[in-house]
>>> print(open('start_21.pdb').read())   # PDB, C-alpha atoms
ATOM      1  CA  MET A   1     -21.299  -0.819 -14.633
ATOM      2  CA  SER A   2     -18.432  -1.508 -12.218
ATOM      3  CA  LEU A   3     -15.393  -3.676 -12.723
ATOM      4  CA  ASP A   4     -15.018  -7.095 -11.142
ATOM      5  CA  LYS A   5     -14.824  -6.972  -7.351
ATOM      6  CA  LYS A   6     -11.256  -8.289  -7.471
ATOM      7  CA  ALA A   7      -7.949  -6.860  -6.289
ATOM      8  CA  LEU A   8      -4.389  -7.865  -7.129
ATOM      9  CA  CYS A   9      -1.759  -6.528  -4.724
ATOM     10  CA  LEU A  10       1.912  -6.842  -5.690
ATOM     11  CA  GLY A  11       4.893  -6.162  -3.489
ATOM     12  CA  GLU A  12       6.963  -7.095  -0.491
ATOM     13  CA  LEU A  13       5.914  -9.605   2.126
ATOM     14  CA  LEU A  14       8.273  -9.833   5.084
ATOM     15  CA  ILE A  15       8.686 -10.302   8.813
ATOM     16  CA  ASP A  16       8.731  -7.249  11.053
ATOM     17  CA  PHE A  17      10.542  -7.850  14.322
ATOM     18  CA  VAL A  18       9.079  -5.104  16.486
ATOM     19  CA  SER A  19      10.763  -3.948  19.687
ATOM     20  CA  THR A  20       8.983  -5.177  22.799
ATOM     21  CA  ALA A  21       9.702  -1.793  24.408
ATOM     22  CA  SER A  22       8.631   1.575  23.018
ATOM     23  CA  GLY A  23      10.649   4.786  23.146
ATOM     24  CA  VAL A  24      13.974   3.074  22.460
ATOM     25  CA  THR A  25      16.387   2.773  19.569
ATOM     26  CA  LEU A  26      17.145  -0.586  17.988
ATOM     27  CA  LYS A  27      20.444  -0.625  19.873
ATOM     28  CA  ASP A  28      18.651  -0.415  23.206
ATOM     29  CA  ALA A  29      15.665  -2.647  22.389
ATOM     30  CA  PRO A  30      15.475  -5.465  24.949
ATOM     31  CA  GLY A  31      13.753  -7.905  22.594
ATOM     32  CA  PHE A  32      11.594  -8.226  19.491
ATOM     33  CA  GLU A  33       8.206  -9.676  18.623
ATOM     34  CA  LYS A  34       7.524 -11.324  15.243
ATOM     35  CA  ALA A  35       4.809  -9.772  13.063
ATOM     36  CA  PRO A  36       3.805 -10.171   9.391
ATOM     37  CA  GLY A  37       4.691  -7.087   7.339
ATOM     38  CA  GLY A  38       4.828  -5.507   3.917
ATOM     39  CA  ALA A  39       2.595  -2.636   2.833
ATOM     40  CA  PRO A  40       0.963  -4.238  -0.261
ATOM     41  CA  ALA A  41       0.296  -7.405   1.762
ATOM     42  CA  ASN A  42      -1.387  -5.294   4.441
ATOM     43  CA  VAL A  43      -3.560  -3.699   1.755
ATOM     44  CA  ALA A  44      -4.515  -7.139   0.417
ATOM     45  CA  VAL A  45      -5.628  -8.258   3.877
ATOM     46  CA  GLY A  46      -7.434  -4.962   4.439
ATOM     47  CA  LEU A  47      -9.351  -5.373   1.191
ATOM     48  CA  ALA A  48     -10.220  -8.994   1.950
ATOM     49  CA  LYS A  49     -11.616  -8.012   5.350
ATOM     50  CA  LEU A  50     -13.693  -5.317   3.641
ATOM     51  CA  GLY A  51     -15.335  -7.694   1.188
ATOM     52  CA  ILE A  52     -13.061  -7.509  -1.858
ATOM     53  CA  GLU A  53     -11.693 -10.693  -3.459
ATOM     54  CA  ALA A  54      -7.970 -10.128  -2.873
ATOM     55  CA  TYR A  55      -4.925 -11.845  -4.382
ATOM     56  CA  PHE A  56      -1.296 -11.270  -3.450
ATOM     57  CA  ILE A  57       1.623 -11.398  -5.908
ATOM     58  CA  GLY A  58       5.075 -11.653  -4.347
ATOM     59  CA  LYS A  59       7.895 -13.918  -3.239
ATOM     60  CA  VAL A  60       9.055 -15.255   0.118
ATOM     61  CA  GLY A  61      11.750 -17.671   1.143
ATOM     62  CA  LYS A  62      11.075 -21.391   1.315
ATOM     63  CA  ASP A  63      11.587 -21.293   5.070
ATOM     64  CA  ALA A  64       9.652 -21.133   8.314
ATOM     65  CA  PHE A  65       9.047 -17.391   8.006
ATOM     66  CA  GLY A  66       7.805 -17.746   4.429
ATOM     67  CA  GLU A  67       5.357 -20.452   5.474
ATOM     68  CA  PHE A  68       4.177 -18.301   8.370
ATOM     69  CA  LEU A  69       3.496 -15.385   6.015
ATOM     70  CA  ARG A  70       1.689 -17.534   3.439
ATOM     71  CA  GLU A  71      -0.511 -19.034   6.145
ATOM     72  CA  THR A  72      -1.188 -15.581   7.626
ATOM     73  CA  LEU A  73      -2.454 -14.216   4.313
ATOM     74  CA  ALA A  74      -4.607 -17.275   3.654
ATOM     75  CA  ARG A  75      -6.048 -17.203   7.175
ATOM     76  CA  ASN A  76      -7.073 -13.589   6.595
ATOM     77  CA  GLY A  77      -8.897 -14.311   3.359
ATOM     78  CA  VAL A  78      -6.218 -13.466   0.769
ATOM     79  CA  ASN A  79      -5.743 -15.848  -2.161
ATOM     80  CA  THR A  80      -2.050 -16.877  -2.277
ATOM     81  CA  ARG A  81      -1.982 -18.768  -5.600
ATOM     82  CA  PHE A  82       0.372 -16.100  -7.034
ATOM     83  CA  LEU A  83       2.681 -16.010  -4.014
ATOM     84  CA  THR A  84       5.842 -17.944  -4.891
ATOM     85  CA  MET A  85       8.581 -19.364  -2.663
ATOM     86  CA  THR A  86      12.303 -19.553  -3.366
ATOM     87  CA  GLU A  87      15.307 -21.394  -1.970
ATOM     88  CA  LYS A  88      17.693 -18.779  -3.433
ATOM     89  CA  ALA A  89      17.190 -16.315  -0.565
ATOM     90  CA  LYS A  90      15.643 -16.139   2.877
ATOM     91  CA  THR A  91      12.439 -14.306   3.673
ATOM     92  CA  THR A  92      13.179 -10.608   4.164
ATOM     93  CA  LEU A  93      13.351  -9.381   7.770
ATOM     94  CA  ALA A  94      12.987  -5.891   9.219
ATOM     95  CA  PHE A  95      13.769  -4.860  12.789
ATOM     96  CA  VAL A  96      11.701  -1.912  13.981
ATOM     97  CA  SER A  97      11.462   0.287  17.078
ATOM     98  CA  LEU A  98       9.832   3.611  17.920
ATOM     99  CA  THR A  99      12.147   6.189  19.513
ATOM    100  CA  LYS A 100      11.190   8.693  22.224
ATOM    101  CA  GLU A 101      10.851  11.338  19.512
ATOM    102  CA  GLY A 102       8.226   9.217  17.778
ATOM    103  CA  GLU A 103      10.516   8.336  14.871
ATOM    104  CA  ARG A 104      10.847   4.804  13.542
ATOM    105  CA  ASP A 105      14.292   3.256  13.841
ATOM    106  CA  PHE A 106      14.575   0.277  11.524
ATOM    107  CA  VAL A 107      16.985  -1.878   9.575
ATOM    108  CA  PHE A 108      16.288  -4.385   6.791
ATOM    109  CA  TYR A 109      17.967  -7.775   6.382
ATOM    110  CA  ARG A 110      17.561  -7.978   2.626
ATOM    111  CA  ASP A 111      20.821  -8.633   0.761
ATOM    112  CA  PRO A 112      19.166 -10.159  -1.099
ATOM    113  CA  GLY A 113      15.781 -10.837   0.426
ATOM    114  CA  ALA A 114      13.337 -13.201  -1.214
ATOM    115  CA  ASP A 115      10.993 -10.329  -2.119
ATOM    116  CA  THR A 116      13.675  -8.790  -4.376
ATOM    117  CA  LEU A 117      13.841 -12.024  -6.412
ATOM    118  CA  LEU A 118      10.319 -11.707  -7.778
ATOM    119  CA  ASP A 119      10.943 -12.377 -11.466
ATOM    120  CA  GLN A 120       9.178 -11.591 -14.729
ATOM    121  CA  SER A 121       8.462 -15.313 -15.083
ATOM    122  CA  ASP A 122       6.345 -15.037 -11.906
ATOM    123  CA  ILE A 123       4.135 -12.442 -13.574
ATOM    124  CA  THR A 124       1.852 -14.294 -15.965
ATOM    125  CA  GLU A 125      -1.215 -13.493 -18.026
ATOM    126  CA  GLU A 126      -3.107 -15.879 -15.742
ATOM    127  CA  CYS A 127      -2.665 -13.453 -12.840
ATOM    128  CA  PHE A 128      -4.576 -10.781 -14.724
ATOM    129  CA  GLN A 129      -7.523 -12.746 -16.090
ATOM    130  CA  GLY A 130     -10.662 -10.749 -15.429
ATOM    131  CA  SER A 131     -10.382  -7.186 -14.197
ATOM    132  CA  GLY A 132     -10.602  -5.082 -11.055
ATOM    133  CA  VAL A 133      -8.006  -3.034  -9.190
ATOM    134  CA  PHE A 134      -4.232  -3.542  -9.213
ATOM    135  CA  HIS A 135      -2.304  -2.086  -6.266
ATOM    136  CA  PHE A 136       1.474  -1.844  -5.931
ATOM    137  CA  GLY A 137       4.220  -0.027  -4.037
ATOM    138  CA  SER A 138       7.769   1.067  -4.803
ATOM    139  CA  ILE A 139       9.731  -1.309  -2.548
ATOM    140  CA  THR A 140       9.877  -4.028  -5.226
ATOM    141  CA  MET A 141      11.395  -1.408  -7.547
ATOM    142  CA  THR A 142      14.533  -0.970  -5.416
ATOM    143  CA  HIS A 143      16.292  -4.046  -6.838
ATOM    144  CA  GLU A 144      16.305  -6.317  -9.857
ATOM    145  CA  PRO A 145      14.757  -8.625 -10.911
ATOM    146  CA  ALA A 146      11.773  -7.439  -8.844
ATOM    147  CA  CYS A 147      11.765  -4.013 -10.512
ATOM    148  CA  SER A 148      11.357  -5.489 -13.997
ATOM    149  CA  ALA A 149       8.695  -7.856 -12.659
ATOM    150  CA  THR A 150       6.783  -4.900 -11.208
ATOM    151  CA  LEU A 151       6.947  -3.014 -14.507
ATOM    152  CA  LYS A 152       5.734  -6.107 -16.392
ATOM    153  CA  ALA A 153       2.811  -6.406 -13.986
ATOM    154  CA  LEU A 154       1.951  -2.743 -14.553
ATOM    155  CA  GLY A 155       1.872  -3.340 -18.294
ATOM    156  CA  LEU A 156      -0.431  -6.334 -17.914
ATOM    157  CA  ALA A 157      -2.690  -4.453 -15.497
ATOM    158  CA  GLU A 158      -3.072  -1.731 -18.117
ATOM    159  CA  LYS A 159      -3.627  -4.292 -20.898
ATOM    160  CA  TYR A 160      -6.426  -6.015 -18.997
ATOM    161  CA  GLY A 161      -8.132  -2.783 -17.995
ATOM    162  CA  TYR A 162      -7.421  -2.706 -14.275
ATOM    163  CA  LEU A 163      -7.762   0.412 -12.170
ATOM    164  CA  ILE A 164      -4.144   0.963 -11.057
ATOM    165  CA  SER A 165      -3.427   2.126  -7.494
ATOM    166  CA  PHE A 166       0.021   3.174  -6.252
ATOM    167  CA  ASP A 167       1.388   3.859  -2.756
ATOM    168  CA  PRO A 168       5.082   4.881  -3.116
ATOM    169  CA  ASN A 169       5.814   4.180   0.575
ATOM    170  CA  LEU A 170       9.096   6.117   0.605
ATOM    171  CA  ARG A 171      11.956   4.273   2.355
ATOM    172  CA  LEU A 172      15.151   5.986   1.214
ATOM    173  CA  GLN A 173      17.339   3.542   3.167
ATOM    174  CA  LEU A 174      16.454   0.863   0.612
ATOM    175  CA  TRP A 175      17.512   2.852  -2.456
ATOM    176  CA  LYS A 176      20.986   3.415  -3.912
ATOM    177  CA  ASP A 177      20.294   7.146  -3.953
ATOM    178  CA  PRO A 178      17.302   9.530  -3.824
ATOM    179  CA  GLU A 179      17.393  10.248  -7.550
ATOM    180  CA  GLU A 180      16.899   6.585  -8.434
ATOM    181  CA  ALA A 181      13.978   6.432  -6.008
ATOM    182  CA  ARG A 182      12.379   9.513  -7.568
ATOM    183  CA  PHE A 183      12.918   8.150 -11.106
ATOM    184  CA  ARG A 184      11.314   4.783 -10.329
ATOM    185  CA  MET A 185       8.383   6.319  -8.494
ATOM    186  CA  ARG A 186       7.722   8.626 -11.414
ATOM    187  CA  GLN A 187       7.980   5.625 -13.727
ATOM    188  CA  GLY A 188       5.277   3.905 -11.697
ATOM    189  CA  LEU A 189       3.095   7.000 -11.895
ATOM    190  CA  GLU A 190       3.002   6.843 -15.695
ATOM    191  CA  LYS A 191       0.302   4.140 -15.527
ATOM    192  CA  THR A 192      -1.302   5.050 -12.188
ATOM    193  CA  HIS A 193      -4.925   6.154 -11.760
ATOM    194  CA  VAL A 194      -5.146   6.367  -7.941
ATOM    195  CA  LEU A 195      -2.207   7.695  -5.912
ATOM    196  CA  LYS A 196      -1.955   7.587  -2.129
ATOM    197  CA  VAL A 197       0.860   9.646  -0.571
ATOM    198  CA  ASN A 198       1.691  11.524   2.579
ATOM    199  CA  GLU A 199       2.942  15.102   2.332
ATOM    200  CA  GLU A 200       6.632  14.125   2.469
ATOM    201  CA  GLU A 201       6.214  11.603  -0.364
ATOM    202  CA  ALA A 202       4.304  14.061  -2.541
ATOM    203  CA  ARG A 203       6.984  16.730  -2.122
ATOM    204  CA  PHE A 204       9.771  14.191  -2.730
ATOM    205  CA  ILE A 205       8.314  12.825  -5.967
ATOM    206  CA  ALA A 206       7.657  16.308  -7.321
ATOM    207  CA  ALA A 207      10.940  17.729  -5.980
ATOM    208  CA  SER A 208       8.799  20.524  -4.529
ATOM    209  CA  GLU A 209       9.155  22.497  -1.314
ATOM    210  CA  SER A 210       5.392  22.717  -0.817
ATOM    211  CA  LEU A 211       2.441  20.368  -0.948
ATOM    212  CA  GLU A 212       0.599  22.754  -3.260
ATOM    213  CA  GLY A 213       3.509  22.737  -5.686
ATOM    214  CA  ALA A 214       3.668  18.956  -5.516
ATOM    215  CA  LEU A 215      -0.040  18.560  -6.240
ATOM    216  CA  ALA A 216       0.198  20.933  -9.189
ATOM    217  CA  PHE A 217       3.134  18.916 -10.586
ATOM    218  CA  LEU A 218       1.345  15.592 -10.155
ATOM    219  CA  GLN A 219      -1.877  16.782 -11.752
ATOM    220  CA  GLU A 220      -0.154  18.440 -14.700
ATOM    221  CA  ARG A 221       2.279  15.646 -15.500
ATOM    222  CA  TYR A 222       0.242  12.486 -14.929
ATOM    223  CA  ARG A 223      -3.216  11.144 -15.768
ATOM    224  CA  LEU A 224      -4.101  10.644 -12.120
ATOM    225  CA  ALA A 225      -7.820  10.283 -11.538
ATOM    226  CA  LEU A 226      -7.486  10.640  -7.771
ATOM    227  CA  ILE A 227      -4.783  11.779  -5.375
ATOM    228  CA  ALA A 228      -5.254  11.028  -1.680
ATOM    229  CA  VAL A 229      -2.859  12.787   0.693
ATOM    230  CA  THR A 230      -2.943  11.333   4.203
ATOM    231  CA  LEU A 231      -2.492  13.889   6.979
ATOM    232  CA  GLY A 232      -2.240  11.663  10.062
ATOM    233  CA  LYS A 233      -4.743  12.535  12.786
ATOM    234  CA  LYS A 234      -5.978  15.484  10.706
ATOM    235  CA  GLY A 235      -7.500  13.121   8.134
ATOM    236  CA  CYS A 236      -6.815  13.447   4.431
ATOM    237  CA  LEU A 237      -6.950  15.664   1.372
ATOM    238  CA  VAL A 238      -8.563  14.164  -1.725
ATOM    239  CA  VAL A 239      -8.088  15.692  -5.165
ATOM    240  CA  SER A 240     -10.021  14.334  -8.151
ATOM    241  CA  GLY A 241     -10.653  16.363 -11.271
ATOM    242  CA  LYS A 242     -11.988  19.728 -10.118
ATOM    243  CA  SER A 243     -12.937  18.334  -6.696
ATOM    244  CA  ARG A 244     -10.711  19.084  -3.729
ATOM    245  CA  LEU A 245     -11.944  17.801  -0.381
ATOM    246  CA  GLU A 246     -10.424  18.063   3.080
ATOM    247  CA  VAL A 247     -11.872  15.222   5.132
ATOM    248  CA  PRO A 248     -11.241  15.305   8.903
ATOM    249  CA  GLY A 249      -9.921  12.270  10.731
ATOM    250  CA  PHE A 250     -11.186  10.540  13.868
ATOM    251  CA  SER A 251      -9.966  10.840  17.441
ATOM    252  CA  VAL A 252      -9.169   7.359  18.789
ATOM    253  CA  ALA A 253      -7.020   5.824  21.520
ATOM    254  CA  THR A 254      -3.949   5.086  19.435
ATOM    255  CA  VAL A 255      -1.885   2.022  20.361
ATOM    256  CA  ASP A 256       0.248   1.488  17.240
ATOM    257  CA  THR A 257       0.253   3.427  13.960
ATOM    258  CA  THR A 258       1.775   0.540  11.974
ATOM    259  CA  GLY A 259      -0.348  -0.214   8.915
ATOM    260  CA  ALA A 260      -2.642   2.802   9.280
ATOM    261  CA  GLY A 261      -1.770   4.059   5.799
ATOM    262  CA  ASP A 262      -2.348   0.614   4.318
ATOM    263  CA  GLY A 263      -5.698   0.421   6.068
ATOM    264  CA  PHE A 264      -6.522   3.807   4.580
ATOM    265  CA  VAL A 265      -5.754   2.506   1.068
ATOM    266  CA  ALA A 266      -7.937  -0.571   1.589
ATOM    267  CA  GLY A 267     -10.743   1.583   2.944
ATOM    268  CA  LEU A 268     -10.536   4.021   0.045
ATOM    269  CA  LEU A 269     -10.393   1.421  -2.738
ATOM    270  CA  SER A 270     -13.171  -0.713  -1.264
ATOM    271  CA  SER A 271     -15.373   2.346  -0.712
ATOM    272  CA  LEU A 272     -14.949   3.435  -4.345
ATOM    273  CA  TYR A 273     -15.664  -0.046  -5.707
ATOM    274  CA  MET A 274     -18.704   1.095  -7.714
ATOM    275  CA  PHE A 275     -16.570   3.803  -9.344
ATOM    276  CA  TRP A 276     -13.486   1.762 -10.277
ATOM    277  CA  LYS A 277     -14.368   1.827 -13.970
ATOM    278  CA  ASP A 278     -15.172   5.556 -13.921
ATOM    279  CA  LEU A 279     -11.846   6.343 -12.249
ATOM    280  CA  ARG A 280      -9.985   4.179 -14.743
ATOM    281  CA  ASP A 281     -11.711   5.969 -17.604
ATOM    282  CA  GLY A 282     -11.049   9.436 -16.183
ATOM    283  CA  LYS A 283     -14.674  10.274 -15.452
ATOM    284  CA  ASP A 284     -15.668  12.618 -12.642
ATOM    285  CA  ILE A 285     -16.848  11.067  -9.384
ATOM    286  CA  PRO A 286     -19.700  12.705  -7.410
ATOM    287  CA  GLU A 287     -18.247  14.779  -4.571
ATOM    288  CA  ASP A 288     -20.494  13.179  -1.975
ATOM    289  CA  ALA A 289     -19.247   9.728  -3.005
ATOM    290  CA  LEU A 290     -15.634  10.921  -2.798
ATOM    291  CA  TYR A 291     -16.223  12.452   0.609
ATOM    292  CA  HIS A 292     -17.845   9.352   2.070
ATOM    293  CA  ALA A 293     -15.133   7.110   0.586
ATOM    294  CA  ALA A 294     -12.403   9.280   2.103
ATOM    295  CA  ARG A 295     -14.212   9.394   5.438
ATOM    296  CA  ARG A 296     -14.523   5.609   5.461
ATOM    297  CA  ALA A 297     -10.833   5.322   4.539
ATOM    298  CA  ASN A 298     -10.007   7.585   7.506
ATOM    299  CA  ALA A 299     -12.113   5.333   9.707
ATOM    300  CA  VAL A 300     -10.272   2.189   8.586
ATOM    301  CA  GLY A 301      -6.935   3.903   9.156
ATOM    302  CA  ALA A 302      -7.976   5.117  12.599
ATOM    303  CA  LEU A 303      -9.294   1.712  13.672
ATOM    304  CA  THR A 304      -6.017   0.111  12.573
ATOM    305  CA  THR A 305      -4.159   2.255  15.121
ATOM    306  CA  THR A 306      -6.265   1.036  18.043
ATOM    307  CA  ARG A 307      -4.616  -2.391  18.138
ATOM    308  CA  LYS A 308      -1.026  -3.558  17.943
ATOM    309  CA  GLY A 309       0.441  -4.656  14.622
ATOM    310  CA  ALA A 310      -0.870  -4.153  11.096
ATOM    311  CA  ILE A 311      -2.613  -7.299   9.828
ATOM    312  CA  PRO A 312      -4.160  -8.233  13.214
ATOM    313  CA  ALA A 313      -5.416  -4.657  13.621
ATOM    314  CA  LEU A 314      -7.050  -4.184  10.206
ATOM    315  CA  PRO A 315     -10.815  -3.963  10.783
ATOM    316  CA  THR A 316     -13.623  -5.982   9.263
ATOM    317  CA  GLN A 317     -16.441  -4.445   7.253
ATOM    318  CA  GLU A 318     -18.796  -4.867  10.226
ATOM    319  CA  GLU A 319     -16.366  -3.110  12.587
ATOM    320  CA  VAL A 320     -16.049  -0.177  10.191
ATOM    321  CA  GLU A 321     -19.812   0.188   9.821
ATOM    322  CA  ILE A 322     -20.319   0.123  13.605
ATOM    323  CA  PHE A 323     -17.563   2.708  14.074
ATOM    324  CA  LEU A 324     -19.123   5.059  11.490
ATOM    325  CA  GLU A 325     -22.572   4.675  13.110
ATOM    326  CA  GLU A 326     -20.979   5.723  16.406
ATOM    327  CA  HIS A 327     -19.349   8.730  14.693
ATOM    328  CA  PRO A 328     -22.134  10.285  12.569
ATOM    329  CA  LEU A 329     -21.528  13.318  10.378
TER     330      LEU A 329
END
>>> encode(input="start_21.pdb", output="structure tokens")
Amino acid sequence: MSLDKKALCLGELLIDFVSTASGVTLKDAPGFEKAPGGAPANVAVGLAKLGIEAYFIGKVGKDAFGEFLRETLARNGVNTRFLTMTEKAKTTLAFVSLTKEGERDFVFYRDPGADTLLDQSDITEECFQGSGVFHFGSITMTHEPACSATLKALGLAEKYGYLISFDPNLRLQLWKDPEEARFRMRQGLEKTHVLKVNEEEARFIAASESLEGALAFLQERYRLALIAVTLGKKGCLVVSGKSRLEVPGFSVATVDTTGAGDGFVAGLLSSLYMFWKDLRDGKDIPEDALYHAARRANAVGALTTTRKGAIPALPTQEEVEIFLEEHPL
């Protein structure tokens, strides 16, 4: 018996102003294009497009950008009843460009940003009626009161029997110092069942020089039912119980990698829907089911890179199925 086909995603929802030219620093960017952003919001949209009933918990400013973001989520099938608006701060903005070296150059206008004002009073028992999967990131843990609100939500997710999914989404520029970031991420891991990281994030959290050392630390210290390490074009590594699977990625004509990791999370969680309860309860998942879920997650991530932006690029269930039919095992 599976859990309810429902997902709650908590975190930042903001505006990305993306450079209209690639291969330049922010200083040299000639102009910027507005795009909806925020990793947990991307995951919510990704899940909604893949057939999961998705809700978003967060806070935006009571301004034009906040309205734009609320309408964007709703238009893409995400229930916004738990998205609140505030007049105490403006909607958070981020300016982003991709340098010639392929590195992201970005700066956040968030002092404070509305997303950091998510409060414990915004996190109610009503949000967690029923059950399903609860997904969160670490960006709301960088400042109070949003950090305490995130921890309250984690407690309620555990109380109501949700499968808890965590993507740390390391952005050191937003933290006071690396040690605080590591502490908060580890705090989030205490209640996590499904962890999605890239190699840098895994090594950072574990304070390890190698991925193998990081995986050993994570498995020994936490009750993680599944660890998914994204490896870019190479695909991913999935570790669950005694299973360890390397699942190759797909070769596509990449336009923009923004949101690929969030698409991967949505693809993975939606593909494992029938096993949410088993993962929550620490039961082993059949290796073939894990492999196909990871392969589908890779497909969603790859498809997300073939169009510009994150939310507009996230594929529908039909698009994913067609893509997988065109790329048989």
>>> resolve_selection(input="start_21.pdb", expression="the PyMOL selection byres ((chain A and resi 309) around 7)", output="PyMOL selection string")
chain A and resi 35+256+258+307-308+310-313
>>> resolve_selection(input="start_21.pdb", expression="the PyMOL selection byres ((chain A and resi 185) around 12)", output="JSON, numbers by chain")
{"A": [136, 137, 138, 139, 140, 141, 142, 147, 150, 151, 166, 167, 168, 169, 170, 171, 172, 175, 178, 179, 180, 181, 182, 183, 184, 186, 187, 188, 189, 190, 191, 192, 195, 197, 201, 202, 204, 205, 206, 207, 218]}
>>> closest_residue(input="start_21.pdb", among="A:Ala302, A:Ala146, A:Met85, A:Leu3", to="Cys236 (chain A)", atoms="all atoms listed in the file")
A:Ala302
>>> closest_residue(input="start_21.pdb", among="A:Asn42, A:Ser121, A:Thr86, A:Thr99", to="Ser19 (chain A)", atoms="all atoms listed in the file")
A:Thr99
>>> resolve_selection(input="start_21.pdb", expression="the PyMOL selection byres ((chain A and resi 15) around 6)", output="PyMOL selection string")
chain A and resi 14+16+35-37+93
>>> residues_near_point(input="start_21.pdb", point="(2.4, 19.3, -7.0)", cutoff="10 Å", atoms="all atoms listed in the file", output="PyMOL selection string")
chain A and resi 202-221
>>> atom_distance(input="start_21.pdb", atom1="CA of Ala260 (chain A)", atom2="CA of Asn76 (chain A)")
17.2 Å
>>> closest_residue(input="start_21.pdb", among="A:Ala74, A:Ile285, A:Pro145, A:Phe250", to="Glu326 (chain A)", atoms="all atoms listed in the file")
A:Phe250
>>> closest_residue(input="start_21.pdb", among="A:Lys90, A:Lys5, A:Lys27, A:Lys242", to="Leu163 (chain A)", atoms="all atoms listed in the file")
A:Lys5
>>> atom_distance(input="start_21.pdb", atom1="CA of Phe275 (chain A)", atom2="CA of Ile227 (chain A)")
14.8 Å
>>> closest_residue(input="start_21.pdb", among="A:Tyr162, A:Leu156, A:Pro286, A:Gly23", to="Glu103 (chain A)", atoms="all atoms listed in the file")
A:Gly23
>>> atom_distance(input="start_21.pdb", atom1="CA of Thr305 (chain A)", atom2="CA of Phe17 (chain A)")
17.9 Å
>>> closest_residue(input="start_21.pdb", among="A:Ile322, A:Val133, A:Leu117, A:Leu73", to="Tyr273 (chain A)", atoms="all atoms listed in the file")
A:Val133
>>> residues_around(input="start_21.pdb", residues="Ile57 (chain A)", least_positions_apart="5", cutoff="6 Å", atoms="all atoms listed in the file", output="PyMOL selection string")
chain A and resi 10+82-83
>>> residues_around(input="start_21.pdb", residues="Leu269 (chain A)", least_positions_apart="2", cutoff="10 Å", atoms="only C-alpha atoms", output="ChimeraX atom specification")
/A:7,43,47,50,52,133,135,163,165,194,264-267,271-276,293-294,297
>>> residues_around(input="start_21.pdb", residues="Glu321 (chain A)", least_positions_apart="3", cutoff="12 Å", atoms="all atoms listed in the file", output="list in words")
Leu50, Gly267, Ser271, Arg295, Arg296, Ala297, Ala299, Val300, Leu303, Pro315, Thr316, Gln317, Glu318, Leu324, Glu325, Glu326, His327 and Pro328 of chain A
